[in-house]
Each structure stands twice: as C-alpha cells, then as structure tokens.
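See below for upload-v2.cif, which holds mmCIF, C-alpha atoms.
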data_run
#
loop_
_atom_site.label_atom_id
_atom_site.label_comp_id
_atom_site.auth_asym_id
_atom_site.auth_seq_id
_atom_site.Cartn_x
_atom_site.Cartn_y
_atom_site.Cartn_z
CA VAL A 109 21.50 59.30 -18.63
CA ASN A 110 19.00 56.42 -18.39
CA ALA A 111 21.58 53.97 -19.74
CA PRO A 112 23.28 51.68 -17.16
CA HIS A 113 27.03 51.76 -16.82
CA ASN A 114 27.52 48.43 -18.59
CA VAL A 115 25.98 50.10 -21.67
CA LEU A 116 27.25 53.67 -21.38
CA ASN A 117 30.81 54.24 -20.22
CA SER A 118 33.38 56.89 -21.12
CA GLU A 119 34.31 55.13 -24.37
CA SER A 120 30.72 54.82 -25.61
CA LEU A 121 30.08 58.46 -24.65
CA ALA A 122 33.07 59.43 -26.80
CA ASP A 123 31.52 57.41 -29.65
CA THR A 124 28.31 59.40 -29.19
CA ALA A 125 30.27 62.65 -29.44
CA ARG A 126 31.91 61.47 -32.67
CA ARG A 127 28.47 60.62 -34.07
CA ILE A 128 27.18 64.12 -33.23
CA ALA A 129 30.07 65.58 -35.23
CA GLU A 130 29.51 63.21 -38.15
CA GLU A 131 25.80 64.11 -38.32
CA SER A 132 26.42 67.88 -38.20
CA GLY A 133 27.18 68.31 -41.87
CA GLY A 134 30.73 69.41 -41.19
CA CYS A 135 30.05 72.34 -38.85
CA ILE A 136 31.18 70.38 -35.77
CA THR A 137 34.52 68.63 -35.42
CA ALA A 138 35.39 66.06 -32.74
CA GLU A 139 38.66 65.69 -30.87
CA ILE A 140 38.98 62.90 -28.31
CA LEU A 141 42.05 63.04 -26.08
CA GLY A 142 43.23 59.77 -24.58
CA LYS A 143 45.21 59.17 -21.42
CA LYS A 144 48.55 60.00 -23.05
CA GLU A 145 47.36 63.34 -24.45
CA CYS A 146 45.85 64.25 -21.07
CA GLU A 147 49.10 63.37 -19.32
CA GLU A 148 50.99 65.63 -21.72
CA ARG A 149 48.70 68.49 -20.69
CA GLY A 150 49.23 67.78 -16.99
CA MET A 151 45.61 66.90 -16.25
CA GLY A 152 46.41 65.29 -12.92
CA ALA A 153 43.09 66.06 -11.24
CA TYR A 154 41.00 64.43 -13.99
CA LEU A 155 43.35 61.47 -14.42
CA GLY A 156 43.47 60.95 -10.66
CA VAL A 157 39.73 60.28 -10.64
CA ALA A 158 39.88 58.14 -13.79
CA ARG A 159 42.61 55.77 -12.68
CA GLY A 160 40.29 53.59 -10.59
CA SER A 161 38.32 52.47 -13.65
CA GLU A 162 38.98 49.64 -16.10
CA THR A 163 37.79 52.00 -18.85
CA GLU A 164 40.32 54.46 -20.27
CA PRO A 165 39.49 58.17 -19.76
CA GLN A 166 38.07 59.97 -22.79
CA PHE A 167 38.46 63.75 -22.88
CA ILE A 168 35.81 64.96 -25.35
CA HIS A 169 36.14 68.23 -27.26
CA LEU A 170 33.58 69.21 -29.89
CA THR A 171 34.07 72.47 -31.80
CA TYR A 172 31.25 74.24 -33.65
CA LYS A 173 32.24 76.89 -36.18
CA PRO A 174 29.60 78.97 -37.98
CA GLU A 175 29.69 80.16 -41.55
CA GLY A 176 30.80 83.77 -41.76
CA GLU A 177 32.10 86.05 -39.04
CA VAL A 178 32.73 84.78 -35.50
CA LYS A 179 31.60 87.46 -33.04
CA LYS A 180 32.21 85.45 -29.89
CA LYS A 181 33.92 82.25 -28.73
CA VAL A 182 32.26 80.46 -25.81
CA GLY A 183 32.78 77.26 -23.83
CA CYS A 184 30.20 74.77 -22.55
CA VAL A 185 31.63 72.27 -20.07
CA GLY A 186 29.71 69.26 -18.77
CA LYS A 187 30.51 66.86 -15.95
CA GLY A 188 30.91 63.38 -17.43
CA LEU A 189 31.06 60.82 -14.63
CA LEU A 190 29.51 57.74 -16.25
CA PHE A 191 29.23 56.07 -12.87
CA ASP A 192 30.12 57.28 -9.39
CA THR A 193 30.66 54.73 -6.63
CA GLY A 194 32.09 57.47 -4.43
CA GLY A 195 35.51 55.83 -4.62
CA TYR A 196 37.07 54.77 -1.30
CA ASN A 197 34.63 57.16 0.42
CA ILE A 198 32.03 54.80 -0.93
CA LYS A 199 28.40 55.84 -1.23
CA THR A 200 26.10 54.21 1.30
CA ALA A 201 22.84 55.26 -0.37
CA MET A 202 21.43 55.91 -3.86
CA MET A 203 24.37 54.31 -5.65
CA GLU A 204 22.00 52.66 -8.12
CA LEU A 205 21.13 56.16 -9.40
CA MET A 206 24.71 57.24 -9.96
CA LYS A 207 24.45 56.54 -13.68
CA PHE A 208 22.86 60.02 -13.77
CA ASP A 209 26.18 61.61 -12.74
CA CYS A 210 26.78 62.20 -16.45
CA GLY A 211 23.78 64.56 -16.59
CA GLY A 212 25.97 67.61 -17.24
CA SER A 213 27.66 65.95 -20.20
CA ALA A 214 24.27 64.85 -21.53
CA ALA A 215 23.04 68.45 -21.43
CA VAL A 216 26.16 69.76 -23.15
CA LEU A 217 26.24 67.06 -25.84
CA GLY A 218 22.48 67.38 -26.36
CA ALA A 219 23.00 71.10 -26.90
CA ALA A 220 25.86 70.33 -29.31
CA ARG A 221 23.53 68.18 -31.38
CA ALA A 222 20.94 70.96 -31.46
CA VAL A 223 23.58 73.53 -32.41
CA GLY A 224 24.80 71.25 -35.20
CA GLN A 225 21.28 71.10 -36.59
CA ASN A 226 20.31 74.76 -36.12
CA LYS A 227 23.71 76.22 -37.06
CA PRO A 228 23.52 79.58 -35.22
CA ASP A 229 25.45 82.47 -36.72
CA GLY A 230 28.24 84.46 -35.16
CA VAL A 231 29.34 82.15 -32.35
CA GLU A 232 32.11 79.56 -32.09
CA VAL A 233 31.42 76.98 -29.41
CA HIS A 234 33.68 74.53 -27.61
CA PHE A 235 31.82 71.67 -25.91
CA VAL A 236 34.09 69.96 -23.37
CA VAL A 237 33.53 66.80 -21.32
CA ALA A 238 36.19 65.04 -19.22
CA ALA A 239 34.57 61.60 -19.29
CA CYS A 240 35.50 58.86 -16.82
CA GLU A 241 34.20 56.73 -13.96
CA ASN A 242 34.82 57.00 -10.21
CA MET A 243 35.57 53.40 -9.27
CA ILE A 244 37.58 51.43 -6.71
CA ASN A 245 40.65 49.34 -7.39
CA ALA A 246 44.25 49.08 -6.21
CA ARG A 247 45.22 52.15 -8.28
CA ALA A 248 42.36 54.44 -7.25
CA VAL A 249 42.86 57.73 -5.42
CA VAL A 250 42.61 57.52 -1.62
CA PRO A 251 41.81 60.27 0.89
CA SER A 252 44.90 62.43 1.63
CA ASP A 253 46.33 62.07 -1.90
CA ILE A 254 47.48 65.32 -3.52
CA LEU A 255 46.70 65.86 -7.21
CA THR A 256 48.10 68.54 -9.50
CA ALA A 257 45.70 70.12 -12.00
CA SER A 258 46.74 71.34 -15.45
CA ASN A 259 47.09 74.94 -14.25
CA GLY A 260 49.66 73.80 -11.68
CA LYS A 261 47.41 74.08 -8.62
CA THR A 262 47.69 71.29 -6.06
CA ILE A 263 44.59 69.73 -4.49
CA GLU A 264 44.44 67.69 -1.30
CA VAL A 265 41.77 65.02 -1.70
CA LEU A 266 39.86 64.94 1.58
CA ASN A 267 37.00 62.92 0.13
CA THR A 268 37.04 60.76 -3.01
CA ASP A 269 33.30 61.32 -3.45
CA ALA A 270 33.94 65.00 -4.20
CA GLU A 271 35.39 63.86 -7.53
CA GLY A 272 33.31 65.71 -10.10
CA ARG A 273 34.97 69.04 -9.32
CA LEU A 274 38.38 67.40 -9.88
CA THR A 275 37.47 66.34 -13.42
CA LEU A 276 35.88 69.72 -14.09
CA ALA A 277 39.02 71.54 -12.94
CA ASP A 278 41.04 70.26 -15.89
CA ALA A 279 38.11 70.63 -18.28
CA LEU A 280 37.75 74.30 -17.32
CA VAL A 281 41.47 74.98 -17.73
CA PHE A 282 41.26 73.40 -21.20
CA ALA A 283 38.27 75.56 -22.22
CA ASP A 284 39.93 78.67 -20.81
CA LYS A 285 43.57 78.28 -21.87
CA GLU A 286 43.69 75.87 -24.81
CA CYS A 287 40.43 76.85 -26.50
CA GLY A 288 40.61 80.52 -25.55
CA CYS A 289 36.91 80.81 -24.75
CA GLU A 290 35.77 84.33 -23.89
CA SER A 291 33.03 83.15 -21.53
CA ILE A 292 32.31 79.71 -20.07
CA ILE A 293 29.30 77.97 -18.59
CA GLU A 294 29.57 74.61 -16.84
CA LEU A 295 26.80 72.15 -15.95
CA SER A 296 27.13 69.36 -13.42
CA THR A 297 25.26 67.09 -11.03
CA LEU A 298 27.66 68.33 -8.39
CA THR A 299 26.14 68.49 -4.92
CA GLY A 300 23.32 67.12 -2.84
CA ALA A 301 23.51 70.42 -0.98
CA CYS A 302 22.02 72.20 -4.00
CA MET A 303 19.10 69.77 -4.02
CA ILE A 304 18.47 70.49 -0.33
CA SER A 305 18.39 74.22 -1.12
CA LEU A 306 16.35 74.23 -4.33
CA GLY A 307 14.61 70.86 -4.54
CA LYS A 308 14.39 68.68 -7.63
CA GLN A 309 12.98 71.04 -10.24
CA ILE A 310 15.31 74.07 -10.08
CA CYS A 311 19.02 74.29 -10.82
CA GLY A 312 21.41 76.60 -8.99
CA VAL A 313 23.51 79.19 -10.81
CA TRP A 314 26.73 80.57 -9.35
CA THR A 315 28.51 83.43 -11.10
CA GLU A 316 30.24 86.65 -10.14
CA ASP A 317 29.32 88.23 -13.50
CA ASP A 318 25.99 90.06 -13.35
CA ASP A 319 25.62 90.22 -17.14
CA LEU A 320 26.07 86.46 -17.47
CA ALA A 321 23.65 85.89 -14.60
CA LYS A 322 21.05 88.01 -16.41
CA GLU A 323 21.62 86.13 -19.68
CA LEU A 324 21.11 82.76 -18.01
CA ASP A 325 18.03 83.96 -16.12
CA GLU A 326 16.41 85.15 -19.34
CA VAL A 327 17.29 81.92 -21.15
CA SER A 328 15.97 79.90 -18.22
CA LYS A 329 12.61 81.65 -18.43
CA ALA A 330 12.48 81.28 -22.21
CA THR A 331 13.26 77.54 -22.22
CA GLY A 332 11.48 76.41 -19.07
CA ASP A 333 14.69 75.01 -17.54
CA LYS A 334 14.15 76.66 -14.16
CA SER A 335 17.11 78.25 -12.41
CA TRP A 336 17.93 80.42 -9.41
CA ARG A 337 21.03 82.51 -8.81
CA MET A 338 22.89 81.49 -5.67
CA PRO A 339 25.41 83.43 -3.55
CA MET A 340 29.12 83.27 -4.34
CA ALA A 341 30.18 83.93 -0.75
CA ASP A 342 33.92 84.51 -1.00
CA GLU A 343 34.33 84.30 2.78
CA TYR A 344 33.56 80.56 2.50
CA ARG A 345 36.76 80.11 0.47
CA GLU A 346 38.53 79.77 3.83
CA GLN A 347 36.99 76.29 4.10
CA LEU A 348 39.05 75.10 1.12
CA LYS A 349 42.44 75.93 2.65
CA SER A 350 44.94 73.10 3.02
CA LYS A 351 48.07 72.88 5.15
CA ILE A 352 49.95 70.92 2.49
CA ALA A 353 48.42 71.91 -0.87
CA ASP A 354 46.95 74.96 -2.60
CA MET A 355 43.46 73.82 -1.65
CA THR A 356 41.32 70.90 -0.57
CA ASN A 357 38.52 69.37 -2.64
CA LEU A 358 35.92 69.72 0.10
CA GLY A 359 34.70 72.36 2.52
CA ASP A 360 32.85 72.04 5.82
CA ARG A 361 29.49 70.36 6.29
CA TYR A 362 27.47 73.53 5.70
CA GLY A 363 27.42 75.56 2.47
CA GLY A 364 28.75 72.67 0.39
CA ALA A 365 27.18 73.85 -2.87
CA ILE A 366 28.84 77.26 -2.43
CA THR A 367 32.30 75.89 -1.64
CA ALA A 368 32.03 73.60 -4.68
CA ALA A 369 31.38 76.64 -6.86
CA LEU A 370 34.25 78.56 -5.26
CA PHE A 371 36.57 75.61 -5.91
CA LEU A 372 35.75 75.70 -9.64
CA THR A 373 36.55 79.43 -9.92
CA GLU A 374 40.19 78.55 -9.25
CA PHE A 375 40.45 77.05 -12.74
CA VAL A 376 39.12 79.89 -14.90
CA ASP A 377 40.71 83.29 -15.55
CA LYS A 378 39.17 85.68 -13.02
CA LYS A 379 38.58 88.26 -15.76
CA LYS A 380 36.36 85.94 -17.83
CA PRO A 381 32.62 85.54 -17.31
CA PHE A 382 32.07 82.08 -15.82
CA ALA A 383 28.99 80.35 -14.44
CA HIS A 384 28.67 77.08 -12.56
CA ILE A 385 25.23 75.49 -12.92
CA ASP A 386 24.37 72.67 -10.51
CA ILE A 387 21.68 70.48 -12.07
CA ALA A 388 21.78 67.64 -9.50
CA GLY A 389 18.06 68.02 -8.72
CA PRO A 390 16.22 68.52 -12.02
CA VAL A 391 18.32 66.10 -14.12
CA TRP A 392 16.37 63.11 -12.77
CA ASP A 393 12.69 62.38 -12.09
CA ASP A 394 12.04 59.46 -9.76
CA LYS A 395 8.89 58.48 -11.69
CA THR A 396 10.11 58.79 -15.29
CA GLY A 397 13.92 58.83 -15.15
CA ALA A 398 16.19 61.25 -17.00
CA THR A 399 14.64 64.61 -17.89
CA GLY A 400 17.12 66.05 -20.40
CA PHE A 401 17.36 69.15 -18.22
CA GLY A 402 19.90 71.72 -19.35
CA ALA A 403 20.13 70.89 -23.06
CA LYS A 404 17.62 73.59 -24.05
CA LEU A 405 19.22 76.06 -21.65
CA VAL A 406 22.68 75.59 -23.18
CA ALA A 407 21.51 75.53 -26.80
CA GLU A 408 19.51 78.74 -26.42
CA TRP A 409 22.29 80.50 -24.51
CA VAL A 410 24.69 79.62 -27.33
CA ARG A 411 22.29 80.89 -29.99
CA ARG A 412 21.96 84.25 -28.27
CA GLN A 413 25.74 84.70 -28.02
CA GLY A 414 26.00 85.21 -31.77
CA GLU A 415 23.32 87.89 -32.01
#
Let's see the structure in the file written out as structure tokens.
Amino acid sequence: VNAPHNVLNSESLADTARRIAEESGGCITAEILGKKECEERGMGAYLGVARGSETEPQFIHLTYKPEGEVKKKVGCVGKGLLFDTGGYNIKTAMMELMKFDCGGSAAVLGAARAVGQNKPDGVEVHFVVAACENMINARAVVPSDILTASNGKTIEVLNTDAEGRLTLADALVFADKECGCESIIELSTLTGACMISLGKQICGVWTEDDDLAKELDEVSKATGDKSWRMPMADEYREQLKSKIADMTNLGDRYGGAITAALFLTEFVDKKKPFAHIDIAGPVWDDKTGATGFGAKLVAEWVRRQGE
C-alpha cells in the first residue's frame, strides 16, 4: 500500500499473489485470469474500469485447501485499484494518496499469506482480487456509459470515480457463482462517506446477516481491527435506479456509504451471508503511512470458520 504506482501495478500485485502461493508449501494455489479469460466470463464492469490503463487487468484468485475434511467454503474479496485518478471525473484533491486504493487487496492477500503459514483446519478459502488501475486515455469509460456485469446486470456509469464497486461487482459474482462460496466478506477503501461517519480508526460493516455481523464484531474485538455495524437501509436503494439500465453506480449526495453497500448486494446470492467492510479510514495513517488494517481481521475470521 505504501508502494507508488510506478512500483506496484496490477501485474506486480499478481506476481505477489503467485509468490504467496509458492511460499505456502502447496496449500495455496494461484490462478491469474487475464483480459481474455475475463472477457469470456462477461466481466464487463471490471474490464470497463481497467481499459483506461496501459497495464493489463489481472484477476487474482488464490485458493487455500486444508488437509482433511472441509466443513465450510468461504470467500474473501478485496478491492484492488492500484491507482485511482478518478477517471474522467478526475479527483481534485488527495490524488497523491490514491496508491492506497489497493488497501482491500492488501488486507486479503496479507490474510492469505497468514493462512498459508498457519494452515487452519476445516475451511476452504477463495481470496479474490480484481486488480487494475482507474486511469484516463482515449479508451477509458466516460460518464453515461453502460456496462454489463458478469451476472448480466447493466450499470449506468454516472461517475467514473465510483469505480471500485464496478470491479468488485464482477469479483463478487466470481466468488459466489464460480467458486461456490457459502459466505463472503469483502474489504475495500470504498467511500469517503464512511470516513466522515466513523473517522480514520474504525471500519464500517454492512450486512443483512446477524450471525455474520456477530462473527465480525467478535473478531474485530479479538484482533484490534476496530469495526462498527452500519445500517443497510433498503429504502435508499431507490437512489440507484436508472432510466436506461438496471442500476446506476452512484446514489445521491447523502448516505453514499450505504448506497455503495446496497449496490454490492446486487452481485451476491441473496440467500448467502455477505458483508461489505469499508476500510477507507483506518487503512492509512497520515503520519506513518499504510497500517495493514484488515489483514488480522480476515485471517482470524477465516480461522474461526473451520472450527
């Protein structure tokens, strides 16, 4: 997360994922999907964001399999924007910090490394990161474009700086449908609105599943990665309606962290426990830089799933 974009891009993040698998002693395998494989899966939302960058998109999938019986199969999805200019809705402040927009992927891959070392029993884990950059060129997405995600849902892009949720949409469908995960958690530096609500030391948790909310609260207290459950106000879903697509990628000015969470629920089976965790605040410390927030939370949550 501290690394600048000219050092860490989607391709070097994919190399890091391969190294985690190689150092796991065989319990973790790495699969990296390129542009062609993503196109075959219909990942139009993710690829729409990625097409503005000179770097090819790298869809990272690490699989941990324990020795012995698998009691549960879970998914851990991390937002992997290696740099975020905002696209054509270009950022006018704090752009120099947008290397930290890969904080969700750092937490998930950090947890994968810990899982590979600790080798928890009873749980199969799929770590998923749709890695790319949100850049500007002649091929980049522009406001009013309509993208089609891999579950067939169409998305009207009202703002190119609400791009993380577009990449996560296809990552969540992959974890849900292709991997068959029974429950999924997702970590992302998604909204400034969450930082306004909770400050820079506490992450927000959105889930409609009370059992999953309790699990994450207990893990948060055990690891010191502070969290707070936020409302999943379904009445705000109205803000995401589009006249020409299934939904827009942005709600109104107020409640932006909630509408972002509601958007993501459209890409996971409603019957499956799913939690969105917004780590935009605690992933970065202005005095010291990247904090590593979320890695302990994910690793401990995974360990407890196999008990």
Practice task
Evaluate the PyMOL selection byres ((chain A and resi 156-162) around 7) and record the selected residues as number ranges by chain, following the chain and residue labels used in the document.
Solution key: A: 152-155, 163-165, 240-245, 247-249, 255, 271
Practice task
Determine the nearest neighbour of Cys287 (chain A) from the options A:Tyr344, A:Val182, A:Gly194, A:His384, counting all atoms listed in the file.
Solution key: A:Val182
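Restricting the calculation to all atoms listed in the file, the smallest distance between Gly142 (chain A) and any of A:Leu276, A:Ala368, A:Leu348, A:Ala122 is found for A:Ala122.
When only C-alpha atoms are used to compute distances to Val216 (chain A), the closest of the residues A:Leu358, A:Cys135, A:Ala125, A:Leu141 turns out to be A:Ala125.
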Handout entry: Option closest in space to Val391 (chain A), from A:Ile366, A:Val376, A:Ala138, A:Cys210 [counting only C-alpha atoms]
Key = A:Cys210
Problem - Straight-line distance linking CA of Lys308 (chain A) with CA of Ile387 (chain A), stated in Å to one decimal - result: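 That distance, rounded to one decimal, is 8.7 Å.
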Practice task
Extract, using only C-alpha atoms, all DNA, RNA and protein residues at most 12 Å from Gly307 (chain A), discarding same-chain residues fewer than 3 positions from it, and format them as a list in words.
Solution key: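 Within the cut-off, the hits are Thr299, Gly300, Ala301, Cys302, Met303, Ile304, Ile310, Cys311, Gly312, Lys334, Ser335, Trp336, Asp386, Ile387, Ala388, Gly389, Pro390, Val391, Trp392 and Asp393 of chain A.
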For the residues in that selection, give me C-alpha atoms as a short mmCIF file (atom, residue, chain, number, x, y, z; two decimals), keeping the file's coordinate frame.
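Output file selection-v6.cif follows:
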data_model
loop_
_atom_site.label_atom_id
_atom_site.label_comp_id
_atom_site.auth_asym_id
_atom_site.auth_seq_id
_atom_site.Cartn_x
_atom_site.Cartn_y
_atom_site.Cartn_z
CA THR A 299 26.14 68.49 -4.92
CA GLY A 300 23.32 67.12 -2.84
CA ALA A 301 23.51 70.42 -0.98
CA CYS A 302 22.02 72.20 -4.00
CA MET A 303 19.10 69.77 -4.02
CA ILE A 304 18.47 70.49 -0.33
CA ILE A 310 15.31 74.07 -10.08
CA CYS A 311 19.02 74.29 -10.82
CA GLY A 312 21.41 76.60 -8.99
CA LYS A 334 14.15 76.66 -14.16
CA SER A 335 17.11 78.25 -12.41
CA TRP A 336 17.93 80.42 -9.41
CA ASP A 386 24.37 72.67 -10.51
CA ILE A 387 21.68 70.48 -12.07
CA ALA A 388 21.78 67.64 -9.50
CA GLY A 389 18.06 68.02 -8.72
CA PRO A 390 16.22 68.52 -12.02
CA VAL A 391 18.32 66.10 -14.12
CA TRP A 392 16.37 63.11 -12.77
CA ASP A 393 12.69 62.38 -12.09
#
Would you output region 123-142 of chain A from that structure, restricted to N, CA, C and O atoms, as a PDB file, in the first residue's frame?
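result13.pdb written:
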ATOM      1  N   ASP A 123       2.078 -10.834  -9.355  1.00  0.00           N
ATOM      2  CA  ASP A 123       3.328 -11.534  -9.026  1.00  0.00           C
ATOM      3  C   ASP A 123       3.422 -11.799  -7.526  1.00  0.00           C
ATOM      4  O   ASP A 123       3.885 -12.859  -7.101  1.00  0.00           O
ATOM      5  N   THR A 124       2.979 -10.832  -6.735  1.00  0.00           N
ATOM      6  CA  THR A 124       2.965 -11.008  -5.272  1.00  0.00           C
ATOM      7  C   THR A 124       2.052 -12.163  -4.885  1.00  0.00           C
ATOM      8  O   THR A 124       2.388 -12.977  -4.019  1.00  0.00           O
ATOM      9  N   ALA A 125       0.884 -12.242  -5.522  1.00  0.00           N
ATOM     10  CA  ALA A 125      -0.054 -13.329  -5.230  1.00  0.00           C
ATOM     11  C   ALA A 125       0.563 -14.681  -5.583  1.00  0.00           C
ATOM     12  O   ALA A 125       0.420 -15.657  -4.827  1.00  0.00           O
ATOM     13  N   ARG A 126       1.248 -14.744  -6.714  1.00  0.00           N
ATOM     14  CA  ARG A 126       1.910 -16.004  -7.095  1.00  0.00           C
ATOM     15  C   ARG A 126       2.958 -16.393  -6.059  1.00  0.00           C
ATOM     16  O   ARG A 126       3.098 -17.569  -5.720  1.00  0.00           O
ATOM     17  N   ARG A 127       3.676 -15.404  -5.550  1.00  0.00           N
ATOM     18  CA  ARG A 127       4.721 -15.679  -4.553  1.00  0.00           C
ATOM     19  C   ARG A 127       4.110 -16.199  -3.250  1.00  0.00           C
ATOM     20  O   ARG A 127       4.672 -17.100  -2.605  1.00  0.00           O
ATOM     21  N   ILE A 128       2.957 -15.647  -2.860  1.00  0.00           N
ATOM     22  CA  ILE A 128       2.264 -16.144  -1.660  1.00  0.00           C
ATOM     23  C   ILE A 128       1.931 -17.623  -1.820  1.00  0.00           C
ATOM     24  O   ILE A 128       2.110 -18.425  -0.900  1.00  0.00           O
ATOM     25  N   ALA A 129       1.450 -17.993  -3.005  1.00  0.00           N
ATOM     26  CA  ALA A 129       1.119 -19.401  -3.268  1.00  0.00           C
ATOM     27  C   ALA A 129       2.372 -20.275  -3.239  1.00  0.00           C
ATOM     28  O   ALA A 129       2.374 -21.364  -2.641  1.00  0.00           O
ATOM     29  N   GLU A 130       3.445 -19.793  -3.850  1.00  0.00           N
ATOM     30  CA  GLU A 130       4.689 -20.568  -3.898  1.00  0.00           C
ATOM     31  C   GLU A 130       5.272 -20.803  -2.515  1.00  0.00           C
ATOM     32  O   GLU A 130       5.882 -21.847  -2.255  1.00  0.00           O
ATOM     33  N   GLU A 131       5.087 -19.843  -1.612  1.00  0.00           N
ATOM     34  CA  GLU A 131       5.663 -19.929  -0.265  1.00  0.00           C
ATOM     35  C   GLU A 131       4.746 -20.634   0.723  1.00  0.00           C
ATOM     36  O   GLU A 131       5.075 -20.734   1.914  1.00  0.00           O
ATOM     37  N   SER A 132       3.609 -21.143   0.260  1.00  0.00           N
ATOM     38  CA  SER A 132       2.623 -21.731   1.172  1.00  0.00           C
ATOM     39  C   SER A 132       2.842 -23.220   1.423  1.00  0.00           C
ATOM     40  O   SER A 132       2.096 -23.837   2.192  1.00  0.00           O
ATOM     41  N   GLY A 133       3.806 -23.792   0.745  1.00  0.00           N
ATOM     42  CA  GLY A 133       4.036 -25.225   0.917  1.00  0.00           C
ATOM     43  C   GLY A 133       3.012 -26.088   0.204  1.00  0.00           C
ATOM     44  O   GLY A 133       2.845 -27.263   0.556  1.00  0.00           O
ATOM     45  N   GLY A 134       2.332 -25.518  -0.767  1.00  0.00           N
ATOM     46  CA  GLY A 134       1.389 -26.304  -1.558  1.00  0.00           C
ATOM     47  C   GLY A 134      -0.060 -26.218  -1.130  1.00  0.00           C
ATOM     48  O   GLY A 134      -0.947 -26.756  -1.815  1.00  0.00           O
ATOM     49  N   CYS A 135      -0.351 -25.543  -0.025  1.00  0.00           N
ATOM     50  CA  CYS A 135      -1.745 -25.472   0.444  1.00  0.00           C
ATOM     51  C   CYS A 135      -2.538 -24.368  -0.254  1.00  0.00           C
ATOM     52  O   CYS A 135      -3.766 -24.339  -0.180  1.00  0.00           O
ATOM     53  N   ILE A 136      -1.830 -23.445  -0.924  1.00  0.00           N
ATOM     54  CA  ILE A 136      -2.499 -22.383  -1.678  1.00  0.00           C
ATOM     55  C   ILE A 136      -2.095 -22.490  -3.145  1.00  0.00           C
ATOM     56  O   ILE A 136      -0.923 -22.649  -3.470  1.00  0.00           O
ATOM     57  N   THR A 137      -3.079 -22.407  -4.023  1.00  0.00           N
ATOM     58  CA  THR A 137      -2.816 -22.378  -5.460  1.00  0.00           C
ATOM     59  C   THR A 137      -3.236 -21.024  -6.011  1.00  0.00           C
ATOM     60  O   THR A 137      -4.162 -20.392  -5.495  1.00  0.00           O
ATOM     61  N   ALA A 138      -2.531 -20.578  -7.060  1.00  0.00           N
ATOM     62  CA  ALA A 138      -2.805 -19.273  -7.663  1.00  0.00           C
ATOM     63  C   ALA A 138      -3.331 -19.430  -9.074  1.00  0.00           C
ATOM     64  O   ALA A 138      -2.802 -20.208  -9.867  1.00  0.00           O
ATOM     65  N   GLU A 139      -4.385 -18.692  -9.380  1.00  0.00           N
ATOM     66  CA  GLU A 139      -4.929 -18.606 -10.722  1.00  0.00           C
ATOM     67  C   GLU A 139      -5.055 -17.126 -11.066  1.00  0.00           C
ATOM     68  O   GLU A 139      -5.694 -16.370 -10.330  1.00  0.00           O
ATOM     69  N   ILE A 140      -4.397 -16.698 -12.137  1.00  0.00           N
ATOM     70  CA  ILE A 140      -4.468 -15.310 -12.571  1.00  0.00           C
ATOM     71  C   ILE A 140      -5.164 -15.266 -13.925  1.00  0.00           C
ATOM     72  O   ILE A 140      -4.656 -15.805 -14.913  1.00  0.00           O
ATOM     73  N   LEU A 141      -6.322 -14.644 -13.961  1.00  0.00           N
ATOM     74  CA  LEU A 141      -7.070 -14.515 -15.208  1.00  0.00           C
ATOM     75  C   LEU A 141      -6.669 -13.225 -15.917  1.00  0.00           C
ATOM     76  O   LEU A 141      -6.644 -12.151 -15.305  1.00  0.00           O
ATOM     77  N   GLY A 142      -6.341 -13.334 -17.201  1.00  0.00           N
ATOM     78  CA  GLY A 142      -6.038 -12.161 -17.994  1.00  0.00           C
ATOM     79  C   GLY A 142      -7.277 -11.583 -18.637  1.00  0.00           C
ATOM     80  O   GLY A 142      -8.403 -12.027 -18.393  1.00  0.00           O
TER      81      GLY A 142
END
